[in-house]
>>> print(open('model-v1.cif').read())   # mmCIF, C-alpha atoms
data_target
#
loop_
_atom_site.label_atom_id
_atom_site.label_comp_id
_atom_site.auth_asym_id
_atom_site.auth_seq_id
_atom_site.Cartn_x
_atom_site.Cartn_y
_atom_site.Cartn_z
CA MET Q 1388 4.93 -24.86 43.62
CA GLU Q 1389 3.56 -24.77 40.16
CA ASP Q 1390 2.16 -27.77 38.37
CA PRO Q 1391 4.53 -29.09 35.65
CA ILE Q 1392 3.58 -28.14 32.12
CA GLU Q 1393 2.96 -31.16 29.99
CA PRO Q 1394 3.00 -30.79 26.24
CA THR Q 1395 -0.28 -31.91 24.73
CA ARG Q 1396 -1.46 -32.22 21.19
CA GLY Q 1397 -4.49 -30.40 20.00
CA SER Q 1398 -7.52 -32.41 19.10
CA LEU Q 1399 -7.67 -33.77 15.58
CA PRO Q 1400 -10.52 -32.95 13.23
CA ALA Q 1401 -13.25 -35.57 13.26
CA GLU Q 1402 -12.30 -36.93 9.82
CA ARG Q 1403 -8.77 -37.76 11.00
CA SER Q 1404 -9.59 -39.03 14.45
CA GLY Q 1405 -10.71 -42.45 13.24
CA GLY Q 1406 -7.21 -43.57 12.21
CA ARG Q 1407 -4.51 -42.79 9.72
CA PHE Q 1408 -6.71 -43.21 6.62
CA ALA Q 1409 -10.05 -42.11 8.02
CA ALA Q 1410 -12.15 -39.88 5.81
CA PRO Q 1411 -15.40 -37.95 5.96
CA ASP Q 1412 -18.49 -40.11 5.85
CA GLY Q 1413 -19.33 -39.11 2.25
CA LEU Q 1414 -15.92 -40.11 0.95
CA ARG Q 1415 -15.94 -43.27 3.05
CA ASP Q 1416 -19.29 -44.21 1.51
CA LEU Q 1417 -17.97 -43.57 -2.01
CA VAL Q 1418 -14.90 -45.73 -1.39
CA GLU Q 1419 -17.05 -48.53 0.03
CA ARG Q 1420 -19.33 -48.47 -3.02
CA LEU Q 1421 -16.31 -48.49 -5.34
CA LEU Q 1422 -14.79 -51.44 -3.49
CA ASP Q 1423 -18.11 -53.32 -3.62
CA TRP Q 1424 -18.30 -52.73 -7.38
CA LEU Q 1425 -14.72 -53.94 -7.89
CA ARG Q 1426 -15.40 -57.05 -5.81
CA GLY Q 1427 -18.42 -57.77 -8.00
CA ARG Q 1428 -16.30 -57.42 -11.15
CA ARG Q 1429 -13.89 -60.03 -9.87
CA GLY Q 1430 -16.51 -62.65 -10.61
CA SER Q 1431 -16.65 -61.84 -14.32
CA GLY Q 1432 -14.52 -64.27 -16.27
CA LEU Q 1433 -12.88 -64.50 -19.64
CA GLU Q 1434 -16.01 -65.97 -21.17
CA ASP Q 1435 -17.32 -62.39 -21.38
CA VAL Q 1436 -14.36 -61.32 -23.52
CA SER Q 1437 -14.80 -61.44 -27.30
CA THR Q 1438 -11.97 -62.22 -29.68
CA ALA Q 1439 -11.20 -60.74 -33.06
CA THR Q 1440 -8.65 -61.42 -35.75
CA THR Q 1441 -6.31 -58.47 -36.28
CA MET Q 1442 -3.62 -57.54 -38.80
CA ARG Q 1443 -1.05 -58.77 -36.27
CA ASN Q 1444 -2.61 -62.25 -36.41
CA VAL Q 1445 -2.35 -62.58 -40.19
CA VAL Q 1446 0.80 -60.64 -41.23
CA ASP Q 1447 4.35 -61.54 -40.25
CA ALA Q 1448 5.95 -58.08 -40.30
CA ASP Q 1449 9.47 -59.52 -39.96
CA ALA Q 1450 9.06 -61.72 -43.04
CA LEU Q 1451 7.56 -58.79 -44.93
CA ALA Q 1452 10.45 -56.55 -43.90
CA ASP Q 1453 12.83 -59.00 -45.61
CA ARG Q 1454 11.09 -58.17 -48.92
CA THR Q 1455 11.28 -54.38 -48.57
CA PRO Q 1456 14.19 -52.07 -49.50
CA PRO Q 1457 16.80 -51.25 -46.82
CA LYS Q 1458 15.52 -47.72 -46.02
CA TRP Q 1459 12.11 -49.07 -45.06
CA GLU Q 1460 10.83 -50.53 -41.79
CA VAL Q 1461 7.69 -52.63 -41.52
CA GLY Q 1462 5.74 -52.98 -38.32
CA HIS Q 1463 2.38 -52.94 -36.63
CA ASP Q 1464 0.68 -50.02 -34.92
CA VAL Q 1465 -2.67 -49.46 -33.24
CA VAL Q 1466 -4.77 -46.53 -34.44
CA THR Q 1467 -8.25 -45.19 -33.83
CA TYR Q 1468 -10.79 -46.89 -36.07
CA GLY Q 1469 -13.67 -44.56 -36.71
CA SER Q 1470 -14.62 -42.60 -33.65
CA ASP Q 1471 -14.47 -45.16 -30.90
CA THR Q 1472 -12.53 -48.39 -31.40
CA LEU Q 1473 -8.91 -49.24 -32.05
CA THR Q 1474 -7.54 -51.36 -34.85
CA ASP Q 1475 -4.23 -52.94 -35.64
CA VAL Q 1476 -2.61 -51.68 -38.85
CA LEU Q 1477 0.50 -52.43 -40.86
CA VAL Q 1478 2.95 -49.55 -41.32
CA PHE Q 1479 5.63 -49.20 -43.98
CA ARG Q 1480 7.94 -46.45 -42.65
CA HIS Q 1481 10.49 -44.71 -44.89
CA THR Q 1482 13.02 -43.92 -42.17
CA PRO Q 1483 15.04 -41.13 -43.90
CA THR Q 1484 11.95 -38.97 -44.50
CA ARG Q 1485 9.75 -40.11 -41.58
CA GLN Q 1486 6.93 -40.77 -44.04
CA GLU Q 1487 4.67 -43.77 -43.67
CA LEU Q 1488 2.30 -45.79 -45.77
CA VAL Q 1489 -0.38 -47.24 -43.47
CA VAL Q 1490 -2.28 -50.36 -44.57
CA MET Q 1491 -5.61 -50.45 -42.72
CA PRO Q 1492 -8.50 -52.92 -42.97
CA GLU Q 1493 -11.78 -51.28 -43.93
CA ARG Q 1494 -13.60 -53.53 -41.46
CA ASN Q 1495 -11.96 -53.68 -38.08
CA THR Q 1496 -12.39 -57.43 -37.59
CA ARG Q 1497 -11.65 -58.48 -41.19
CA PRO Q 1498 -7.97 -57.71 -41.81
CA GLU Q 1499 -7.84 -59.95 -44.87
CA GLY Q 1500 -10.73 -58.12 -46.56
CA GLU Q 1501 -10.83 -54.71 -48.25
CA ILE Q 1502 -7.94 -52.40 -47.43
CA SER Q 1503 -7.51 -48.63 -47.30
CA PHE Q 1504 -4.19 -46.81 -47.50
CA TYR Q 1505 -3.12 -43.75 -45.55
CA HIS Q 1506 -0.08 -41.53 -45.91
CA THR Q 1507 1.35 -40.27 -42.62
CA ASP Q 1508 3.87 -37.45 -42.46
CA ARG Q 1509 5.54 -37.71 -39.04
CA LYS Q 1510 7.32 -34.37 -39.51
CA ARG Q 1511 4.02 -32.52 -39.88
CA GLY Q 1512 1.91 -34.82 -37.74
CA VAL Q 1513 -0.75 -35.41 -40.41
CA ARG Q 1514 -2.43 -38.49 -41.88
CA HIS Q 1515 -4.39 -38.55 -45.15
CA LEU Q 1516 -6.61 -41.21 -46.67
CA LEU Q 1517 -5.25 -42.05 -50.12
CA SER Q 1518 -7.40 -42.57 -53.18
CA ILE Q 1519 -6.08 -46.10 -53.55
CA GLY Q 1520 -7.36 -49.32 -52.08
CA ALA Q 1521 -7.35 -53.06 -52.44
CA ASP Q 1522 -10.03 -55.71 -52.25
CA SER Q 1523 -7.87 -57.99 -50.11
CA LEU Q 1524 -4.83 -57.93 -47.87
CA ALA Q 1525 -2.87 -60.04 -50.37
CA ALA Q 1526 -3.62 -57.51 -53.13
CA ALA Q 1527 -2.67 -54.62 -50.82
CA LEU Q 1528 0.68 -56.14 -49.89
CA GLY Q 1529 1.40 -56.97 -53.53
CA TYR Q 1530 0.56 -53.39 -54.49
CA VAL Q 1531 2.88 -51.91 -51.86
CA LEU Q 1532 5.79 -54.20 -52.67
CA ASP Q 1533 5.42 -53.58 -56.43
CA ARG Q 1534 5.33 -49.79 -56.02
CA ILE Q 1535 7.49 -49.16 -52.96
CA GLY Q 1536 10.20 -47.56 -55.10
CA ARG Q 1537 7.67 -45.03 -56.41
CA PHE Q 1538 6.56 -44.23 -52.87
CA GLU Q 1539 10.20 -43.77 -51.84
CA ARG Q 1540 10.79 -41.29 -54.69
CA LEU Q 1541 7.64 -39.42 -53.73
CA PHE Q 1542 8.52 -39.28 -50.03
CA ALA Q 1543 12.06 -38.12 -50.80
CA GLY Q 1544 10.71 -35.27 -52.97
CA ARG Q 1545 11.71 -36.80 -56.32
CA GLY Q 1546 8.20 -37.89 -57.33
CA THR Q 1547 5.13 -35.81 -58.06
CA GLU Q 1548 2.13 -38.05 -57.55
CA LEU Q 1549 1.09 -41.08 -55.60
CA PRO Q 1550 0.82 -44.44 -57.30
CA SER Q 1551 -2.94 -44.69 -57.64
CA GLY Q 1552 -5.69 -47.12 -58.54
CA TYR Q 1553 -7.88 -49.57 -56.70
CA THR Q 1554 -6.19 -52.95 -56.88
CA ASP Q 1555 -8.21 -56.05 -57.53
CA SER Q 1556 -6.73 -59.41 -56.61
CA ALA Q 1557 -7.63 -60.61 -60.14
CA GLU Q 1558 -5.12 -58.08 -61.50
CA LEU Q 1559 -2.22 -59.57 -59.56
#
>>> encode(input="model-v1.cif", output="structure tokens")
Amino acid sequence: MEDPIEPTRGSLPAERSGGRFAAPDGLRDLVERLLDWLRGRRGSGLEDVSTATTMRNVVDADALADRTPPKWEVGHDVVTYGSDTLTDVLVFRHTPTRQELVVMPERNTRPEGEISFYHTDRKRGVRHLLSIGADSLAAALGYVLDRIGRFERLFAGRGTELPSGYTDSAEL
């Protein structure tokens, strides 16, 4: 009589034989080092974190929106500042044309200081630095609110040039 045939499984490769999540020694070593590094990071506390004042801390976009015409939205956005950091900016968006006027601090951590203006065309995906500026956030907001009608005409194709000039808070 013949011996019964018992089904058997083939042997598993060495990297799988140690359990469900076993891995080759090199990968296992890499994971261990990564876990050790993460455990070491757990000890770092909030005292290592620096704080900075941003546009969001000093401008109430909702209150500002109450002072703008109905076809405009006002909000905050985060954009690249220079080549490496991010900064919070204020955006006046003309919703019918998808054009924006971006109010950006010239120094990332001084939102109430000198301000640069950018025009963003969401249809074309381009942003241009404008030849206008302000020496303070208050002057910049006053400038935008005083000239928002001119920007609207320009964005809608009824104007020919941007309202220009560097605004000084002494002029307001």
>>> residues_around(input="model-v1.cif", residues="Q:Ala1450", least_positions_apart="5", cutoff="12 Å", atoms="all atoms listed in the file", output="ChimeraX atom specification")
/Q:1445,1455,1460-1462
>>> atom_distance(input="model-v1.cif", atom1="atom CA of Q:Thr1438", atom2="atom CA of Q:Ala1526")
25.3 Å
>>> closest_residue(input="model-v1.cif", among="Q:Ile1519, Q:Leu1422, Q:Ala1448, Q:Leu1488", to="Q:Ile1502", atoms="all atoms listed in the file")
Q:Ile1519
>>> closest_residue(input="model-v1.cif", among="Q:Arg1420, Q:His1515, Q:Arg1494, Q:His1481", to="Q:Leu1541", atoms="only C-alpha atoms")
Q:His1481
>>> closest_residue(input="model-v1.cif", among="Q:Arg1454, Q:Leu1421, Q:Phe1542, Q:Ala1521", to="Q:Arg1480", atoms="only C-alpha atoms")
Q:Phe1542
>>> resolve_selection(input="model-v1.cif", expression="the PyMOL selection byres ((chain Q and resi 1532-1539) around 9)", output="list in words")
Arg1454, Thr1455, Pro1456, Lys1458, Trp1459, His1481, Thr1484, Gln1486, Leu1488, Ala1527, Leu1528, Gly1529, Tyr1530, Val1531, Arg1540, Leu1541, Phe1542, Ala1543, Gly1544, Arg1545, Gly1546, Glu1548, Leu1549 and Pro1550 of chain Q
>>> closest_residue(input="model-v1.cif", among="Q:Asp1447, Q:Asp1464, Q:Asp1416, Q:Asp1453", to="Q:Val1476", atoms="only C-alpha atoms")
Q:Asp1464
>>> residues_near_point(input="model-v1.cif", point="(-7.4, -57.5, -36.2)", cutoff="10 Å", atoms="all atoms listed in the file", output="list in words")
Thr1438, Ala1439, Thr1440, Thr1441, Met1442, Arg1443, Asn1444, Val1445, Val1465, Leu1473, Thr1474, Asp1475, Val1476, Met1491, Pro1492, Arg1494, Asn1495, Thr1496, Arg1497, Pro1498 and Glu1499 of chain Q
>>> atom_distance(input="model-v1.cif", atom1="atom CA of Q:Ser1523", atom2="atom CA of Q:Asp1508")
24.9 Å
>>> resolve_selection(input="model-v1.cif", expression="the PyMOL selection byres ((chain Q and resi 1517) around 9)", output="PyMOL selection string")
chain Q and resi 1503-1506+1515-1516+1518-1520+1549+1551
>>> atom_distance(input="model-v1.cif", atom1="atom CA of Q:Leu1451", atom2="atom CA of Q:Val1478")
10.9 Å
>>> axis_aligned_box(input="model-v1.cif", around="stretch 1416-1430 of chain Q", padding_each_side="6 Å", output="lines of an AutoDock Vina configuration file")
center_x = -16.6
center_y = -53.1
center_z = -4.8
size_x = 17.4
size_y = 31.1
size_z = 24.7
>>> decode(input="model-v1.cif", residues="stretch 1513-1528 of chain Q", atoms="all heavy atoms", output="PDB file, in the first residue's frame")
ATOM      1  N   VAL Q1513      -0.958  82.971 -13.579  1.00  0.00           N
ATOM      2  CA  VAL Q1513       0.239  83.807 -13.462  1.00  0.00           C
ATOM      3  C   VAL Q1513       0.081  84.812 -12.324  1.00  0.00           C
ATOM      4  O   VAL Q1513      -1.032  85.214 -11.991  1.00  0.00           O
ATOM      5  CB  VAL Q1513       0.552  84.562 -14.780  1.00  0.00           C
ATOM      6  CG1 VAL Q1513       0.912  83.587 -15.880  1.00  0.00           C
ATOM      7  CG2 VAL Q1513      -0.603  85.438 -15.207  1.00  0.00           C
ATOM      8  N   ARG Q1514       1.220  85.206 -11.758  1.00  0.00           N
ATOM      9  CA  ARG Q1514       1.236  86.226 -10.705  1.00  0.00           C
ATOM     10  C   ARG Q1514       2.353  87.200 -11.027  1.00  0.00           C
ATOM     11  O   ARG Q1514       3.463  86.800 -11.347  1.00  0.00           O
ATOM     12  CB  ARG Q1514       1.467  85.573  -9.352  1.00  0.00           C
ATOM     13  CG  ARG Q1514       1.466  86.573  -8.202  1.00  0.00           C
ATOM     14  CD  ARG Q1514       1.579  85.902  -6.877  1.00  0.00           C
ATOM     15  NE  ARG Q1514       2.944  85.482  -6.641  1.00  0.00           N
ATOM     16  CZ  ARG Q1514       3.361  84.852  -5.554  1.00  0.00           C
ATOM     17  NH1 ARG Q1514       2.510  84.534  -4.611  1.00  0.00           N
ATOM     18  NH2 ARG Q1514       4.617  84.502  -5.406  1.00  0.00           N
ATOM     19  N   HIS Q1515       2.049  88.514 -10.950  1.00  0.00           N
ATOM     20  CA  HIS Q1515       3.024  89.553 -11.263  1.00  0.00           C
ATOM     21  C   HIS Q1515       3.147  90.523 -10.102  1.00  0.00           C
ATOM     22  O   HIS Q1515       2.145  90.938  -9.522  1.00  0.00           O
ATOM     23  CB  HIS Q1515       2.593  90.364 -12.497  1.00  0.00           C
ATOM     24  CG  HIS Q1515       2.472  89.559 -13.737  1.00  0.00           C
ATOM     25  ND1 HIS Q1515       3.550  89.088 -14.444  1.00  0.00           N
ATOM     26  CD2 HIS Q1515       1.383  89.129 -14.410  1.00  0.00           C
ATOM     27  CE1 HIS Q1515       3.135  88.413 -15.487  1.00  0.00           C
ATOM     28  NE2 HIS Q1515       1.834  88.416 -15.489  1.00  0.00           N
ATOM     29  N   LEU Q1516       4.382  90.899  -9.791  1.00  0.00           N
ATOM     30  CA  LEU Q1516       4.630  91.952  -8.813  1.00  0.00           C
ATOM     31  C   LEU Q1516       4.225  93.276  -9.449  1.00  0.00           C
ATOM     32  O   LEU Q1516       4.604  93.574 -10.584  1.00  0.00           O
ATOM     33  CB  LEU Q1516       6.119  91.979  -8.441  1.00  0.00           C
ATOM     34  CG  LEU Q1516       6.564  93.101  -7.513  1.00  0.00           C
ATOM     35  CD1 LEU Q1516       5.894  92.979  -6.148  1.00  0.00           C
ATOM     36  CD2 LEU Q1516       8.084  93.073  -7.366  1.00  0.00           C
ATOM     37  N   LEU Q1517       3.434  94.052  -8.742  1.00  0.00           N
ATOM     38  CA  LEU Q1517       3.001  95.350  -9.260  1.00  0.00           C
ATOM     39  C   LEU Q1517       3.980  96.435  -8.850  1.00  0.00           C
ATOM     40  O   LEU Q1517       4.702  96.298  -7.868  1.00  0.00           O
ATOM     41  CB  LEU Q1517       1.597  95.678  -8.750  1.00  0.00           C
ATOM     42  CG  LEU Q1517       0.508  94.671  -9.125  1.00  0.00           C
ATOM     43  CD1 LEU Q1517      -0.825  95.089  -8.518  1.00  0.00           C
ATOM     44  CD2 LEU Q1517       0.394  94.538 -10.631  1.00  0.00           C
ATOM     45  N   SER Q1518       3.969  97.516  -9.573  1.00  0.00           N
ATOM     46  CA  SER Q1518       4.887  98.626  -9.289  1.00  0.00           C
ATOM     47  C   SER Q1518       4.311  99.572  -8.245  1.00  0.00           C
ATOM     48  O   SER Q1518       4.607 100.755  -8.246  1.00  0.00           O
ATOM     49  CB  SER Q1518       5.188  99.389 -10.580  1.00  0.00           C
ATOM     50  OG  SER Q1518       3.979  99.937 -11.080  1.00  0.00           O
ATOM     51  N   ILE Q1519       3.478  99.038  -7.379  1.00  0.00           N
ATOM     52  CA  ILE Q1519       2.906  99.836  -6.300  1.00  0.00           C
ATOM     53  C   ILE Q1519       3.306  99.191  -4.981  1.00  0.00           C
ATOM     54  O   ILE Q1519       3.661  98.019  -4.933  1.00  0.00           O
ATOM     55  CB  ILE Q1519       1.366  99.933  -6.405  1.00  0.00           C
ATOM     56  CG1 ILE Q1519       0.744  98.534  -6.495  1.00  0.00           C
ATOM     57  CG2 ILE Q1519       0.956 100.782  -7.588  1.00  0.00           C
ATOM     58  CD1 ILE Q1519      -0.765  98.513  -6.548  1.00  0.00           C
ATOM     59  N   GLY Q1520       3.275  99.952  -3.935  1.00  0.00           N
ATOM     60  CA  GLY Q1520       3.608  99.437  -2.620  1.00  0.00           C
ATOM     61  C   GLY Q1520       3.112 100.376  -1.557  1.00  0.00           C
ATOM     62  O   GLY Q1520       2.548 101.435  -1.859  1.00  0.00           O
ATOM     63  N   ALA Q1521       3.283  99.985  -0.327  1.00  0.00           N
ATOM     64  CA  ALA Q1521       2.863 100.821   0.796  1.00  0.00           C
ATOM     65  C   ALA Q1521       3.862 100.643   1.922  1.00  0.00           C
ATOM     66  O   ALA Q1521       4.472  99.591   2.070  1.00  0.00           O
ATOM     67  CB  ALA Q1521       1.465 100.424   1.255  1.00  0.00           C
ATOM     68  N   ASP Q1522       4.026 101.712   2.716  1.00  0.00           N
ATOM     69  CA  ASP Q1522       4.995 101.628   3.805  1.00  0.00           C
ATOM     70  C   ASP Q1522       4.428 100.989   5.066  1.00  0.00           C
ATOM     71  O   ASP Q1522       5.150 100.757   6.023  1.00  0.00           O
ATOM     72  CB  ASP Q1522       5.593 103.003   4.108  1.00  0.00           C
ATOM     73  CG  ASP Q1522       4.591 103.987   4.685  1.00  0.00           C
ATOM     74  OD1 ASP Q1522       3.382 103.688   4.688  1.00  0.00           O
ATOM     75  OD2 ASP Q1522       5.023 105.066   5.138  1.00  0.00           O
ATOM     76  N   SER Q1523       3.128 100.686   5.051  1.00  0.00           N
ATOM     77  CA  SER Q1523       2.524 100.012   6.206  1.00  0.00           C
ATOM     78  C   SER Q1523       1.281  99.254   5.756  1.00  0.00           C
ATOM     79  O   SER Q1523       0.711  99.529   4.697  1.00  0.00           O
ATOM     80  CB  SER Q1523       2.129 101.027   7.292  1.00  0.00           C
ATOM     81  OG  SER Q1523       1.038 101.804   6.846  1.00  0.00           O
ATOM     82  N   LEU Q1524       0.855  98.328   6.573  1.00  0.00           N
ATOM     83  CA  LEU Q1524      -0.352  97.568   6.271  1.00  0.00           C
ATOM     84  C   LEU Q1524      -1.579  98.478   6.246  1.00  0.00           C
ATOM     85  O   LEU Q1524      -2.445  98.347   5.378  1.00  0.00           O
ATOM     86  CB  LEU Q1524      -0.528  96.442   7.292  1.00  0.00           C
ATOM     87  CG  LEU Q1524      -1.748  95.558   7.111  1.00  0.00           C
ATOM     88  CD1 LEU Q1524      -1.750  94.882   5.746  1.00  0.00           C
ATOM     89  CD2 LEU Q1524      -1.804  94.521   8.226  1.00  0.00           C
ATOM     90  N   ALA Q1525      -1.638  99.433   7.174  1.00  0.00           N
ATOM     91  CA  ALA Q1525      -2.774 100.364   7.201  1.00  0.00           C
ATOM     92  C   ALA Q1525      -2.842 101.157   5.891  1.00  0.00           C
ATOM     93  O   ALA Q1525      -3.920 101.328   5.320  1.00  0.00           O
ATOM     94  CB  ALA Q1525      -2.655 101.302   8.395  1.00  0.00           C
ATOM     95  N   ALA Q1526      -1.696 101.638   5.411  1.00  0.00           N
ATOM     96  CA  ALA Q1526      -1.670 102.376   4.144  1.00  0.00           C
ATOM     97  C   ALA Q1526      -2.067 101.468   2.994  1.00  0.00           C
ATOM     98  O   ALA Q1526      -2.793 101.884   2.069  1.00  0.00           O
ATOM     99  CB  ALA Q1526      -0.283 102.967   3.904  1.00  0.00           C
ATOM    100  N   ALA Q1527      -1.629 100.216   3.013  1.00  0.00           N
ATOM    101  CA  ALA Q1527      -1.961  99.276   1.936  1.00  0.00           C
ATOM    102  C   ALA Q1527      -3.457  99.003   1.880  1.00  0.00           C
ATOM    103  O   ALA Q1527      -4.062  99.018   0.803  1.00  0.00           O
ATOM    104  CB  ALA Q1527      -1.197  97.972   2.138  1.00  0.00           C
ATOM    105  N   LEU Q1528      -4.063  98.782   3.038  1.00  0.00           N
ATOM    106  CA  LEU Q1528      -5.499  98.502   3.060  1.00  0.00           C
ATOM    107  C   LEU Q1528      -6.297  99.733   2.650  1.00  0.00           C
ATOM    108  O   LEU Q1528      -7.296  99.629   1.934  1.00  0.00           O
ATOM    109  CB  LEU Q1528      -5.922  97.996   4.432  1.00  0.00           C
ATOM    110  CG  LEU Q1528      -5.314  96.647   4.842  1.00  0.00           C
ATOM    111  CD1 LEU Q1528      -5.762  96.261   6.247  1.00  0.00           C
ATOM    112  CD2 LEU Q1528      -5.632  95.569   3.842  1.00  0.00           C
TER     113      LEU Q1528
END
